[in-house]
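Containing compact mmCIF, C-alpha atoms (C1' of nucleotides): final.txt.
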# COMPACT_ATOMS: atom_id res chain seq x y z
CA MET A 1 173.37 92.22 57.44
CA SER A 2 169.86 93.36 56.54
CA LEU A 3 170.23 94.42 52.94
CA PRO A 4 169.55 91.01 51.39
CA TYR A 5 166.32 90.78 53.38
CA ALA A 6 165.29 94.26 52.33
CA ILE A 7 165.78 93.16 48.73
CA LEU A 8 163.84 89.93 49.22
CA THR A 9 160.97 91.89 50.72
CA ALA A 10 160.96 94.34 47.84
CA LEU A 11 161.07 91.53 45.27
CA LEU A 12 158.21 89.70 46.97
CA GLU A 13 156.15 92.85 46.87
CA LYS A 14 156.94 93.06 43.18
CA PRO A 15 159.52 91.31 40.97
CA SER A 16 161.89 93.89 39.55
CA SER A 17 165.16 94.54 37.80
CA GLY A 18 168.17 96.01 39.61
CA LEU A 19 167.49 99.52 38.45
CA GLU A 20 163.83 99.33 39.39
CA LEU A 21 164.85 98.15 42.84
CA THR A 22 167.25 101.06 43.08
CA ARG A 23 164.46 103.48 42.30
CA ARG A 24 162.15 101.83 44.79
CA PHE A 25 164.88 102.09 47.42
CA ASP A 26 164.87 105.84 46.94
CA LYS A 27 161.45 105.91 48.54
CA SER A 28 159.43 103.18 50.21
CA ILE A 29 161.76 100.63 51.80
CA GLY A 30 164.69 102.97 51.37
CA TYR A 31 163.23 105.28 54.00
CA PHE A 32 164.35 102.71 56.57
CA TRP A 33 167.16 100.95 54.78
CA SER A 34 168.81 102.87 51.98
CA ALA A 35 171.16 101.37 49.41
CA THR A 36 172.98 102.42 46.26
CA HIS A 37 172.67 100.59 42.97
CA GLN A 38 176.14 99.07 43.41
CA GLN A 39 175.16 97.49 46.68
CA ILE A 40 171.97 96.22 45.15
CA TYR A 41 173.62 94.63 42.12
CA ARG A 42 176.27 93.05 44.30
CA GLU A 43 173.63 91.61 46.59
CA LEU A 44 171.42 90.42 43.71
CA GLY A 45 174.40 88.48 42.42
CA LYS A 46 174.93 86.78 45.78
CA LEU A 47 171.23 86.03 46.22
CA GLU A 48 171.01 84.49 42.76
CA GLU A 49 174.07 82.36 43.35
CA SER A 50 172.73 81.13 46.68
CA GLY A 51 169.44 80.13 45.09
CA ALA A 52 167.25 82.61 46.97
CA ILE A 53 166.15 84.37 43.79
CA ARG A 54 166.36 83.76 40.07
CA ALA A 55 166.37 85.85 36.94
CA LEU A 56 163.21 85.54 34.90
CA PRO A 57 163.96 84.00 31.52
CA GLY A 58 164.34 86.87 29.10
CA PRO A 59 164.81 86.62 25.31
CA THR A 60 168.59 86.22 25.66
CA GLN A 61 171.12 86.45 28.49
CA PRO A 62 174.10 88.45 27.29
CA THR A 63 173.77 90.16 30.73
CA ARG A 64 175.42 93.44 29.86
CA GLY A 65 173.26 96.50 29.39
CA GLN A 66 170.36 94.07 29.20
CA ARG A 67 167.47 94.40 31.63
CA LYS A 68 167.28 91.41 33.99
CA GLU A 69 164.23 90.87 36.16
CA TYR A 70 164.36 88.82 39.35
CA GLU A 71 161.80 86.90 41.37
CA VAL A 72 162.03 85.25 44.78
CA LEU A 73 162.26 81.46 45.04
CA PRO A 74 160.73 79.44 47.92
CA ALA A 75 164.15 79.15 49.59
CA GLY A 76 164.42 82.93 49.65
CA ARG A 77 160.98 83.33 51.12
CA ASP A 78 161.84 80.84 53.85
CA GLU A 79 165.05 82.68 54.71
CA LEU A 80 163.12 85.92 54.98
CA ALA A 81 160.48 84.38 57.23
CA ALA A 82 163.23 82.99 59.47
CA TRP A 83 164.88 86.40 59.68
CA VAL A 84 161.63 88.03 60.77
CA ALA A 85 161.55 85.84 63.89
CA LYS A 86 165.30 85.88 64.54
CA ILE A 87 166.74 87.11 67.84
CA GLU A 88 168.77 90.20 67.04
CA ASP A 89 169.47 93.04 69.45
CA PRO A 90 168.72 96.64 68.52
CA LYS A 91 171.77 98.64 67.53
CA PRO A 92 172.73 101.56 69.76
CA ILE A 93 172.12 105.08 68.54
CA ARG A 94 174.70 106.37 66.10
CA ASP A 95 174.17 110.02 65.39
CA ALA A 96 176.78 112.52 64.33
CA LEU A 97 174.82 115.60 65.36
CA LEU A 98 174.55 114.42 68.96
CA LEU A 99 178.27 113.84 68.87
CA ARG A 100 178.79 117.35 67.57
CA LEU A 101 176.73 118.79 70.41
CA ARG A 102 178.91 116.93 72.83
CA ALA A 103 182.05 118.15 71.10
CA ALA A 104 180.69 121.70 71.28
CA GLY A 105 180.71 121.35 75.04
CA VAL A 106 184.48 121.17 74.82
CA VAL A 107 185.52 123.35 71.87
CA GLY A 108 182.68 125.86 71.79
CA THR A 109 179.39 126.18 69.92
CA GLN A 110 180.67 128.40 67.11
CA GLY A 111 178.62 127.73 63.98
CA LEU A 112 176.52 125.01 65.52
CA GLU A 113 173.25 126.90 65.71
CA ALA A 114 173.13 127.29 61.95
CA GLU A 115 173.56 123.55 61.52
CA VAL A 116 170.83 122.86 64.04
CA ARG A 117 168.50 125.18 62.17
CA ARG A 118 169.32 123.48 58.88
CA HIS A 119 168.65 120.04 60.31
CA LEU A 120 165.43 121.29 61.81
CA ALA A 121 164.21 122.37 58.38
CA LEU A 122 165.20 119.04 56.84
CA HIS A 123 163.40 117.04 59.51
CA ARG A 124 160.30 119.22 59.21
CA ALA A 125 160.28 118.52 55.47
CA GLN A 126 160.68 114.79 56.00
CA LEU A 127 157.90 114.83 58.55
CA ALA A 128 155.60 116.59 56.10
CA GLU A 129 156.45 114.04 53.43
CA TYR A 130 155.63 111.12 55.71
CA ARG A 131 152.37 112.74 56.76
CA ALA A 132 151.40 113.23 53.13
CA ILE A 133 152.05 109.55 52.44
CA GLU A 134 150.00 108.59 55.45
CA GLU A 135 147.14 110.75 54.29
CA ARG A 136 147.31 109.34 50.77
CA ASP A 137 147.73 105.65 51.61
CA PHE A 138 145.99 105.27 54.94
CA GLY A 139 143.64 108.24 54.93
CA ASP A 140 140.45 106.22 54.98
CA GLY A 141 139.35 103.14 56.93
CA ARG A 142 141.12 99.93 57.83
CA ASP A 143 142.87 97.63 55.49
CA SER A 144 144.63 94.28 55.08
CA GLU A 145 147.20 92.80 57.45
CA GLY A 146 150.09 93.86 55.25
CA ASP A 147 148.76 97.40 55.08
CA ARG A 148 148.40 97.61 58.84
CA LEU A 149 152.03 96.60 59.28
CA ARG A 150 153.22 99.08 56.70
CA HIS A 151 151.19 101.77 58.41
CA LEU A 152 152.84 100.88 61.70
CA VAL A 153 156.27 101.25 60.12
CA LEU A 154 155.27 104.60 58.66
CA ARG A 155 154.10 105.70 62.11
CA ALA A 156 157.58 104.96 63.42
CA GLY A 157 159.01 107.26 60.77
CA ILE A 158 156.55 109.99 61.65
CA ASP A 159 157.15 109.70 65.37
CA LEU A 160 160.90 109.70 64.91
CA GLU A 161 160.85 112.83 62.77
CA ASN A 162 158.52 114.33 65.30
CA PHE A 163 161.02 113.62 68.03
CA TRP A 164 163.82 115.25 66.05
CA VAL A 165 161.80 118.36 65.35
CA GLY A 166 160.99 118.75 69.02
CA TRP A 167 164.49 118.06 70.20
CA LEU A 168 166.13 120.31 67.63
CA GLU A 169 163.83 123.15 68.66
CA ALA A 170 164.99 122.70 72.24
CA ALA A 171 168.60 122.55 71.13
CA ARG A 172 168.26 125.71 69.09
CA ALA A 173 166.71 127.51 72.04
CA GLU A 174 169.50 126.34 74.31
CA LEU A 175 172.19 127.44 71.87
CA ALA A 176 170.60 130.85 71.38
CA ASP A 177 170.36 131.13 75.14
CA MET A 178 174.05 130.47 75.58
CA GLY A 179 174.92 133.62 73.68
CA THR A 180 176.80 133.64 70.44
CA GLY A 181 179.15 131.05 71.84
CA VAL A 182 182.31 132.88 70.92
CA GLY A 183 185.60 131.60 72.27
CA THR A 184 186.93 128.13 72.59
CA GLY A 185 184.65 126.55 75.10
CA THR A 186 183.47 128.18 78.27
CA GLY A 187 183.44 125.08 80.40
CA THR A 188 186.28 124.12 82.63
CA ASP A 189 188.73 122.29 80.44
CA ALA A 190 190.29 119.00 81.46
CA ARG A 191 187.65 118.48 84.07
CA THR A 192 188.20 115.62 86.42
CA GLY A 193 184.54 115.09 87.32
CA PRO A 194 182.38 112.13 86.40
CA ASP A 195 182.55 111.16 82.77
CA SER A 196 179.58 108.85 82.68
CA THR A 197 177.17 111.57 81.70
CA ALA A 198 176.35 110.17 78.27
CA MET B 1 183.52 109.59 59.35
CA SER B 2 182.79 110.68 62.88
CA LEU B 3 184.93 108.34 64.91
CA PRO B 4 188.09 110.47 64.90
CA TYR B 5 186.06 113.40 66.22
CA ALA B 6 184.49 111.26 68.90
CA ILE B 7 188.00 110.30 69.99
CA LEU B 8 189.23 113.89 69.95
CA THR B 9 186.29 114.93 72.10
CA ALA B 10 186.96 112.15 74.56
CA LEU B 11 190.67 112.99 74.72
CA LEU B 12 189.94 116.66 75.29
CA GLU B 13 187.65 115.77 78.13
CA LYS B 14 190.47 113.70 79.57
CA PRO B 15 193.76 112.45 78.08
CA SER B 16 193.72 108.66 78.02
CA SER B 17 195.30 105.51 76.71
CA GLY B 18 193.64 103.34 74.06
CA LEU B 19 192.21 100.92 76.55
CA GLU B 20 190.85 103.69 78.76
CA LEU B 21 189.17 105.19 75.72
CA THR B 22 187.68 101.82 74.91
CA ARG B 23 186.21 101.59 78.38
CA ARG B 24 184.86 105.13 78.18
CA PHE B 25 183.27 104.27 74.85
CA ASP B 26 181.32 101.52 76.56
CA LYS B 27 179.36 104.21 78.35
CA SER B 28 179.38 107.97 77.94
CA ILE B 29 180.21 108.91 74.36
CA GLY B 30 179.70 105.32 73.28
CA TYR B 31 175.97 105.68 73.90
CA PHE B 32 175.85 107.76 70.74
CA TRP B 33 178.87 106.51 68.84
CA SER B 34 180.13 103.08 69.78
CA ALA B 35 183.49 101.65 68.74
CA THR B 36 185.59 98.57 69.41
CA HIS B 37 189.16 98.75 70.66
CA GLN B 38 190.50 97.79 67.24
CA GLN B 39 188.79 100.74 65.62
CA ILE B 40 190.09 102.98 68.36
CA TYR B 41 193.72 101.88 68.07
CA ARG B 42 193.56 102.15 64.30
CA GLU B 43 192.19 105.65 64.54
CA LEU B 44 194.64 106.72 67.24
CA GLY B 45 197.44 105.68 64.91
CA LYS B 46 196.06 107.81 62.09
CA LEU B 47 195.43 110.79 64.36
CA GLU B 48 198.94 110.64 65.74
CA GLU B 49 200.45 110.41 62.28
CA SER B 50 198.41 113.38 61.07
CA GLY B 51 199.57 115.48 64.01
CA ALA B 52 196.17 115.89 65.65
CA ILE B 53 197.25 114.14 68.84
CA ARG B 54 200.50 112.98 70.39
CA ALA B 55 201.60 110.34 72.84
CA LEU B 56 202.66 111.73 76.19
CA PRO B 57 206.32 111.01 76.80
CA GLY B 58 206.46 107.87 78.90
CA PRO B 59 209.55 106.24 80.45
CA THR B 60 210.31 104.31 77.26
CA GLN B 61 208.58 103.70 73.94
CA PRO B 62 208.90 100.02 73.10
CA THR B 63 205.18 100.38 72.22
CA ARG B 64 204.13 96.78 72.71
CA GLY B 65 202.07 95.86 75.74
CA GLN B 66 203.17 99.22 77.11
CA ARG B 67 200.56 101.75 78.14
CA LYS B 68 200.55 104.81 75.87
CA GLU B 69 198.62 107.94 76.82
CA TYR B 70 197.52 110.50 74.25
CA GLU B 71 196.65 114.18 74.38
CA VAL B 72 195.13 116.48 71.78
CA LEU B 73 197.33 119.01 69.99
CA PRO B 74 196.10 122.45 68.85
CA ALA B 75 195.71 121.19 65.29
CA GLY B 76 193.38 118.47 66.53
CA ARG B 77 191.31 120.90 68.52
CA ASP B 78 190.94 123.13 65.47
CA GLU B 79 189.82 120.22 63.31
CA LEU B 80 187.21 119.31 65.90
CA ALA B 81 185.92 122.88 66.14
CA ALA B 82 185.64 123.00 62.34
CA TRP B 83 183.70 119.73 62.30
CA VAL B 84 181.20 121.07 64.84
CA ALA B 85 180.18 123.81 62.41
CA LYS B 86 180.42 121.76 59.24
CA ILE B 87 177.46 121.29 56.90
CA GLU B 88 176.56 117.62 56.98
CA ASP B 89 173.12 116.19 56.31
CA PRO B 90 171.43 113.85 58.77
CA LYS B 91 171.56 110.21 57.75
CA PRO B 92 168.27 108.50 57.00
CA ILE B 93 166.88 106.00 59.50
CA ARG B 94 168.47 102.56 59.30
CA ASP B 95 166.64 100.12 61.49
CA ALA B 96 166.42 96.39 61.06
CA LEU B 97 163.33 95.91 63.21
CA LEU B 98 161.29 98.28 61.07
CA LEU B 99 162.46 96.34 58.06
CA ARG B 100 161.37 93.11 59.71
CA LEU B 101 157.91 94.52 60.37
CA ARG B 102 157.68 95.39 56.71
CA ALA B 103 158.86 91.92 55.72
CA ALA B 104 156.26 90.43 58.05
CA GLY B 105 153.62 92.14 55.95
CA VAL B 106 154.66 89.82 53.13
CA VAL B 107 155.76 86.55 54.72
CA GLY B 108 153.69 86.56 57.90
CA THR B 109 154.24 87.65 61.49
CA GLN B 110 155.26 84.24 62.85
CA GLY B 111 157.65 84.76 65.77
CA LEU B 112 157.71 88.53 65.51
CA GLU B 113 155.73 89.32 68.62
CA ALA B 114 158.33 87.66 70.83
CA GLU B 115 161.04 89.78 69.27
CA VAL B 116 159.00 92.93 69.73
CA ARG B 117 158.51 92.05 73.39
CA ARG B 118 162.22 91.44 73.82
CA HIS B 119 163.15 94.74 72.24
CA LEU B 120 160.57 96.47 74.39
CA ALA B 121 162.25 95.15 77.53
CA LEU B 122 165.68 96.21 76.28
CA HIS B 123 164.52 99.72 75.48
CA ARG B 124 162.78 100.05 78.82
CA ALA B 125 166.03 99.07 80.53
CA GLN B 126 168.03 101.57 78.51
CA LEU B 127 165.51 104.26 79.29
CA ALA B 128 165.81 103.53 83.01
CA GLU B 129 169.59 103.71 82.76
CA TYR B 130 169.51 107.08 81.06
CA ARG B 131 167.04 108.41 83.61
CA ALA B 132 169.29 107.25 86.44
CA ILE B 133 172.23 109.07 84.86
CA GLU B 134 170.13 112.19 84.46
CA GLU B 135 169.08 112.01 88.09
CA ARG B 136 172.64 111.52 89.27
CA ASP B 137 174.39 114.08 87.07
CA PHE B 138 171.75 116.72 86.48
CA GLY B 139 169.42 116.15 89.41
CA ASP B 140 170.00 119.52 91.00
CA GLY B 141 170.18 123.05 89.60
CA ARG B 142 171.87 124.48 86.57
CA ASP B 143 175.43 124.04 85.55
CA SER B 144 178.16 125.10 83.16
CA GLU B 145 177.81 125.44 79.39
CA GLY B 146 179.43 122.08 78.77
CA ASP B 147 177.09 120.42 81.24
CA ARG B 148 174.03 121.98 79.64
CA LEU B 149 175.07 120.59 76.27
CA ARG B 150 175.72 117.15 77.67
CA HIS B 151 172.34 117.24 79.35
CA LEU B 152 170.74 118.12 76.04
CA VAL B 153 172.40 115.13 74.42
CA LEU B 154 171.23 112.89 77.22
CA ARG B 155 167.70 114.22 76.75
CA ALA B 156 167.87 113.08 73.14
CA GLY B 157 168.75 109.58 74.33
CA ILE B 158 165.88 109.59 76.81
CA ASP B 159 163.37 110.88 74.30
CA LEU B 160 164.49 108.38 71.69
CA GLU B 161 164.14 105.44 74.06
CA ASN B 162 160.82 106.85 75.10
CA PHE B 163 159.71 106.86 71.50
CA TRP B 164 160.77 103.25 71.05
CA VAL B 165 158.96 102.09 74.15
CA GLY B 166 155.76 103.76 73.00
CA TRP B 167 156.02 102.53 69.45
CA LEU B 168 156.90 98.97 70.44
CA GLU B 169 153.90 98.85 72.74
CA ALA B 170 151.69 99.85 69.84
CA ALA B 171 153.37 97.28 67.61
CA ARG B 172 152.89 94.55 70.18
CA ALA B 173 149.21 95.44 70.51
CA GLU B 174 148.78 95.37 66.77
CA LEU B 175 150.51 92.01 66.43
CA ALA B 176 148.45 90.49 69.23
CA ASP B 177 145.37 91.89 67.56
CA MET B 178 146.21 90.22 64.29
CA GLY B 179 145.85 86.82 65.88
CA THR B 180 148.69 84.38 66.19
CA GLY B 181 149.67 85.20 62.65
CA VAL B 182 149.96 81.59 61.53
CA GLY B 183 150.47 80.86 57.86
CA THR B 184 152.57 82.57 55.28
CA GLY B 185 151.13 86.01 55.06
CA THR B 186 147.48 86.80 55.06
CA GLY B 187 147.69 89.75 52.73
CA THR B 188 147.22 89.51 49.04
CA ASP B 189 150.54 88.41 47.59
CA ALA B 190 152.11 90.04 44.60
CA ARG B 191 149.91 93.04 45.03
CA THR B 192 150.00 95.58 42.26
CA GLY B 193 148.93 98.56 44.37
CA PRO B 194 151.01 101.60 45.28
CA ASP B 195 154.46 100.81 46.60
CA SER B 196 155.33 104.20 47.95
CA THR B 197 153.93 103.51 51.38
CA ALA B 198 157.25 103.77 53.28
C1' DT C 1 206.74 81.03 88.55
C1' DC C 2 202.37 81.00 87.12
C1' DA C 3 197.70 82.94 86.46
C1' DG C 4 195.15 86.70 85.39
C1' DA C 5 194.47 91.28 84.22
C1' DC C 6 196.26 95.01 81.57
C1' DA C 7 197.51 96.78 77.13
C1' DT C 8 198.51 97.13 72.27
C1' DG C 9 198.37 95.36 67.99
C1' DT C 10 197.52 92.18 63.13
C1' DA C 11 194.69 89.86 59.86
C1' DA C 12 190.70 88.90 57.40
C1' DC C 13 186.35 89.82 56.08
C1' DG C 14 181.68 92.12 55.30
C1' DT C 15 179.25 96.22 54.28
C1' DG C 16 178.83 100.93 52.53
C1' DT C 17 180.60 104.73 49.39
C1' DT C 18 182.51 106.93 45.30
C1' DA C 19 184.14 107.02 40.78
C1' DC C 20 184.19 105.13 36.63
C1' DA C 21 183.29 101.69 32.53
C1' DT C 22 180.38 99.43 29.25
C1' DG C 23 176.57 97.98 26.54
C1' DA C 24 171.57 98.52 24.89
C1' DT C 25 167.57 101.25 23.46
C1' DT C 26 165.09 105.19 21.90
C1' DC C 27 164.40 109.51 19.88
C1' DT C 28 165.75 113.21 16.79
C1' DA D 1 174.62 108.96 13.25
C1' DG D 2 174.60 111.26 17.64
C1' DA D 3 172.66 112.28 22.23
C1' DA D 4 170.09 110.92 26.03
C1' DT D 5 168.49 107.48 28.86
C1' DC D 6 168.20 102.91 30.46
C1' DA D 7 170.74 99.23 32.50
C1' DT D 8 174.37 96.44 34.44
C1' DG D 9 178.69 96.12 36.04
C1' DT D 10 184.19 96.83 38.01
C1' DA D 11 187.52 98.84 41.05
C1' DA D 12 189.19 100.98 44.99
C1' DC D 13 188.68 102.52 49.29
C1' DA D 14 186.63 103.67 54.11
C1' DC D 15 184.54 101.91 58.01
C1' DG D 16 182.95 98.30 61.18
C1' DT D 17 183.35 93.47 63.10
C1' DT D 18 185.46 89.23 64.60
C1' DA D 19 189.14 86.39 65.77
C1' DC D 20 193.48 86.04 67.13
C1' DA D 21 198.53 87.30 68.56
C1' DT D 22 201.83 89.44 71.50
C1' DG D 23 203.88 91.68 75.28
C1' DT D 24 203.78 93.71 80.32
C1' DC D 25 202.64 93.99 85.08
C1' DT D 26 200.76 92.40 89.58
C1' DG D 27 199.84 89.42 93.14
C1' DA D 28 199.17 84.57 94.95
Now that the file is in, can you turn its structure into structure tokens?
Amino acid sequence: MSLPYAILTALLEKPSSGLELTRRFDKSIGYFWSATHQQIYRELGKLEESGAIRALPGPTQPTRGQRKEYEVLPAGRDELAAWVAKIEDPKPIRDALLLRLRAAGVVGTQGLEAEVRRHLALHRAQLAEYRAIEERDFGDGRDSEGDRLRHLVLRAGIDLENFWVGWLEAARAELADMGTGVGTGTGTDARTGPDSTA
Amino acid sequence: MSLPYAILTALLEKPSSGLELTRRFDKSIGYFWSATHQQIYRELGKLEESGAIRALPGPTQPTRGQRKEYEVLPAGRDELAAWVAKIEDPKPIRDALLLRLRAAGVVGTQGLEAEVRRHLALHRAQLAEYRAIEERDFGDGRDSEGDRLRHLVLRAGIDLENFWVGWLEAARAELADMGTGVGTGTGTDARTGPDSTA
DNA sequence: TCAGACATGTAACGTGTTACATGATTCT
DNA sequence: AGAATCATGTAACACGTTACATGTCTGA
């Protein structure tokens, strides 16, 4: 639902070929909406057909193995602007690790602490990376409107990673506290109590 | 990838029919891994075929329109326990609103502030709901291992919503600050500067 | 008996993922 | 000419979403 708009944004920032886009999605925009090259090519095809973008005229168009650069057309820009203002509810959280914690409440925490530790390290690394980018790109004084918005987005990334680091530390402490978590779940099985806990 | 495990967890907590599961996914587990009834029936079919769960013997099995309750078999419990300990990297952030902020840096912020306000209200409401659940289910002293883990998961939900509320307030302030954001993007278009900003 | 709720299921489609196929360009 | 890299593309499948179809049970 959002991928075409991510691509339009990227192309407006700088006209690119499919492979270039793919590389740019590995950092930058991809931090918040990742995509593989297959998705990108598929979507570029649709966008071109719908008249939102067009391929820049190259020497020839045999289209296989040949680099093909795209730029956004006015129609594409309009669609993007409309999407920015569109009413669209936030999606609920969808996180496998939280689910695993919950499952551990039923089948036991065996092996979970190691995973929590691993995730903690990964999130710390991501946090450091974001902070480095912030330092590099927004280290000094204020900048243009576009820059302020990009900084705001980066702040969201930083704060989110920050949340994970904090929460994972608490989770690790809790798991350590619960002993080595041997056995198949200490809690009363098949409990009949309230289920609405979250 | 995670849905079957979400279902196994739910069934271990309490054997249920497909529709009951669907209702329980609208709260509880669904706060962290939502699913529609079609997904659930599809997955129940697969799980039954693979021997992870079985239908409790009812009066008859004409299987259409007839309530069918499932319970987890030992094989299913083992699979779930294995999944809890499995090495599986966290998925990168995937959030449309962040993408829209980024797009606004290119095509202008027209209409965005209203959306930000709307999301802010939604996140505040969700936060209040989580806090109410926490008060109700974990208001008093300490509890069993399973309860402690569920509380931890709920804390993640609360902290996440808390993050969103804070960030959205900052975003709203920034957008207000930028003026009414008329026009098609104040920033320099087609900028050639660094793209790695996030 | 009819309406409404309960309950399970099909069909079709869009998006995301993985594996593989093919052609062009550059360097040795 | 061969290998490596650049570049675009196909195919198949898993998962999620939407719309619709079908059957059962309960109470007015």
For this session: Taking all C-alpha atoms matched one to one in order, superimpose chain B on chain A and note the resulting RMSD in Å.
Result: 0.1 Å
Which centre and edge lengths in Å to one decimal define the box along x, y and z that fits every listed atom of stretch 11-28 of chain D plus 8 Å per side, as JSON?
{"center_x": 193.4, "center_y": 94.1, "center_z": 68.0, "size_x": 36.9, "size_y": 35.1, "size_z": 69.9}
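For chain B, the residues no farther than 12 Å from chain C when using all atoms listed in the file are B:Met1, B:Ser17, B:Gly18, B:Leu19, B:Glu20, B:Leu21, B:Thr22, B:His37, B:Gln38, B:Gln39, B:Ile40, B:Tyr41, B:Arg42, B:Leu44, B:Gly45, B:Pro62, B:Thr63, B:Arg64, B:Gly65, B:Gln66, B:Arg67, B:Lys68, B:Glu69.
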Could you give me, as JSON lines, every chain B residue with an atom at most 7 Å from chain A, plus its closest atom pair and distance in Å to one decimal, counting only C-alpha atoms, rows ordered by chain then number?
{"residue": "B:Ser2", "atom": "CA", "partner": "A:Ala96", "partner_atom": "CA", "distance": 6.5}
{"residue": "B:Ala6", "atom": "CA", "partner": "A:Leu99", "partner_atom": "CA", "distance": 6.7}
{"residue": "B:Thr9", "atom": "CA", "partner": "A:Ala103", "partner_atom": "CA", "distance": 5.4}
{"residue": "B:Leu12", "atom": "CA", "partner": "A:Ala190", "partner_atom": "CA", "distance": 6.6}
{"residue": "B:Glu13", "atom": "CA", "partner": "A:Ala190", "partner_atom": "CA", "distance": 5.3}
{"residue": "B:Lys14", "atom": "CA", "partner": "A:Ala190", "partner_atom": "CA", "distance": 5.6}
{"residue": "B:Lys27", "atom": "CA", "partner": "A:Ser196", "partner_atom": "CA", "distance": 6.4}
{"residue": "B:Ser28", "atom": "CA", "partner": "A:Ala198", "partner_atom": "CA", "distance": 3.8}
{"residue": "B:Ile29", "atom": "CA", "partner": "A:Ala198", "partner_atom": "CA", "distance": 5.6}
{"residue": "B:Tyr31", "atom": "CA", "partner": "A:Ala198", "partner_atom": "CA", "distance": 6.3}
{"residue": "B:Phe32", "atom": "CA", "partner": "A:Arg94", "partner_atom": "CA", "distance": 5.0}
{"residue": "B:Trp33", "atom": "CA", "partner": "A:Arg94", "partner_atom": "CA", "distance": 5.0}
{"residue": "B:Ala81", "atom": "CA", "partner": "A:Val107", "partner_atom": "CA", "distance": 5.8}
{"residue": "B:Val84", "atom": "CA", "partner": "A:Arg100", "partner_atom": "CA", "distance": 5.2}
{"residue": "B:Ala85", "atom": "CA", "partner": "A:Gly111", "partner_atom": "CA", "distance": 4.5}
{"residue": "B:Ile87", "atom": "CA", "partner": "A:Glu115", "partner_atom": "CA", "distance": 6.5}
{"residue": "B:Pro90", "atom": "CA", "partner": "A:His119", "partner_atom": "CA", "distance": 7.0}
{"residue": "B:Pro92", "atom": "CA", "partner": "A:Tyr31", "partner_atom": "CA", "distance": 6.7}
{"residue": "B:Ile93", "atom": "CA", "partner": "A:Phe32", "partner_atom": "CA", "distance": 5.1}
{"residue": "B:Arg94", "atom": "CA", "partner": "A:Phe32", "partner_atom": "CA", "distance": 4.9}
{"residue": "B:Asp95", "atom": "CA", "partner": "A:Phe32", "partner_atom": "CA", "distance": 6.0}
{"residue": "B:Ala96", "atom": "CA", "partner": "A:Ser2", "partner_atom": "CA", "distance": 6.4}
{"residue": "B:Leu98", "atom": "CA", "partner": "A:Val153", "partner_atom": "CA", "distance": 5.9}
{"residue": "B:Leu99", "atom": "CA", "partner": "A:Ala6", "partner_atom": "CA", "distance": 6.7}
{"residue": "B:Arg100", "atom": "CA", "partner": "A:Val84", "partner_atom": "CA", "distance": 5.2}
{"residue": "B:Leu101", "atom": "CA", "partner": "A:Leu149", "partner_atom": "CA", "distance": 6.3}
{"residue": "B:Arg102", "atom": "CA", "partner": "A:Arg150", "partner_atom": "CA", "distance": 5.8}
{"residue": "B:Ala103", "atom": "CA", "partner": "A:Thr9", "partner_atom": "CA", "distance": 5.4}
{"residue": "B:Ala104", "atom": "CA", "partner": "A:Val84", "partner_atom": "CA", "distance": 6.5}
{"residue": "B:Gly105", "atom": "CA", "partner": "A:Gly146", "partner_atom": "CA", "distance": 4.0}
{"residue": "B:Val106", "atom": "CA", "partner": "A:Gly146", "partner_atom": "CA", "distance": 6.5}
{"residue": "B:Val107", "atom": "CA", "partner": "A:Ala81", "partner_atom": "CA", "distance": 5.8}
{"residue": "B:Gln110", "atom": "CA", "partner": "A:Ala85", "partner_atom": "CA", "distance": 6.6}
{"residue": "B:Gly111", "atom": "CA", "partner": "A:Ala85", "partner_atom": "CA", "distance": 4.5}
{"residue": "B:Leu112", "atom": "CA", "partner": "A:Ala85", "partner_atom": "CA", "distance": 5.0}
{"residue": "B:Glu115", "atom": "CA", "partner": "A:Ile87", "partner_atom": "CA", "distance": 6.5}
{"residue": "B:His119", "atom": "CA", "partner": "A:Pro90", "partner_atom": "CA", "distance": 7.0}
{"residue": "B:Ile133", "atom": "CA", "partner": "A:Thr197", "partner_atom": "CA", "distance": 6.4}
{"residue": "B:Asp137", "atom": "CA", "partner": "A:Thr197", "partner_atom": "CA", "distance": 6.5}
{"residue": "B:Ser144", "atom": "CA", "partner": "A:Gly187", "partner_atom": "CA", "distance": 6.0}
{"residue": "B:Glu145", "atom": "CA", "partner": "A:Gly187", "partner_atom": "CA", "distance": 5.7}
{"residue": "B:Gly146", "atom": "CA", "partner": "A:Gly105", "partner_atom": "CA", "distance": 4.0}
{"residue": "B:Leu149", "atom": "CA", "partner": "A:Gly105", "partner_atom": "CA", "distance": 5.8}
{"residue": "B:Arg150", "atom": "CA", "partner": "A:Arg102", "partner_atom": "CA", "distance": 5.8}
{"residue": "B:Leu152", "atom": "CA", "partner": "A:Ala171", "partner_atom": "CA", "distance": 7.0}
{"residue": "B:Val153", "atom": "CA", "partner": "A:Leu98", "partner_atom": "CA", "distance": 5.9}
{"residue": "B:Leu154", "atom": "CA", "partner": "A:Ala198", "partner_atom": "CA", "distance": 5.9}
{"residue": "B:Ala156", "atom": "CA", "partner": "A:Trp167", "partner_atom": "CA", "distance": 6.7}
{"residue": "B:Trp167", "atom": "CA", "partner": "A:Ala156", "partner_atom": "CA", "distance": 6.7}
{"residue": "B:Ala171", "atom": "CA", "partner": "A:Leu152", "partner_atom": "CA", "distance": 6.9}
{"residue": "B:Thr186", "atom": "CA", "partner": "A:Glu145", "partner_atom": "CA", "distance": 6.5}
{"residue": "B:Gly187", "atom": "CA", "partner": "A:Gly146", "partner_atom": "CA", "distance": 5.4}
{"residue": "B:Ala190", "atom": "CA", "partner": "A:Glu13", "partner_atom": "CA", "distance": 5.4}
{"residue": "B:Arg191", "atom": "CA", "partner": "A:Glu13", "partner_atom": "CA", "distance": 6.5}
{"residue": "B:Asp195", "atom": "CA", "partner": "A:Ser28", "partner_atom": "CA", "distance": 6.6}
{"residue": "B:Ser196", "atom": "CA", "partner": "A:Ser28", "partner_atom": "CA", "distance": 4.8}
{"residue": "B:Thr197", "atom": "CA", "partner": "A:Ser28", "partner_atom": "CA", "distance": 5.6}
{"residue": "B:Ala198", "atom": "CA", "partner": "A:Ser28", "partner_atom": "CA", "distance": 3.8}
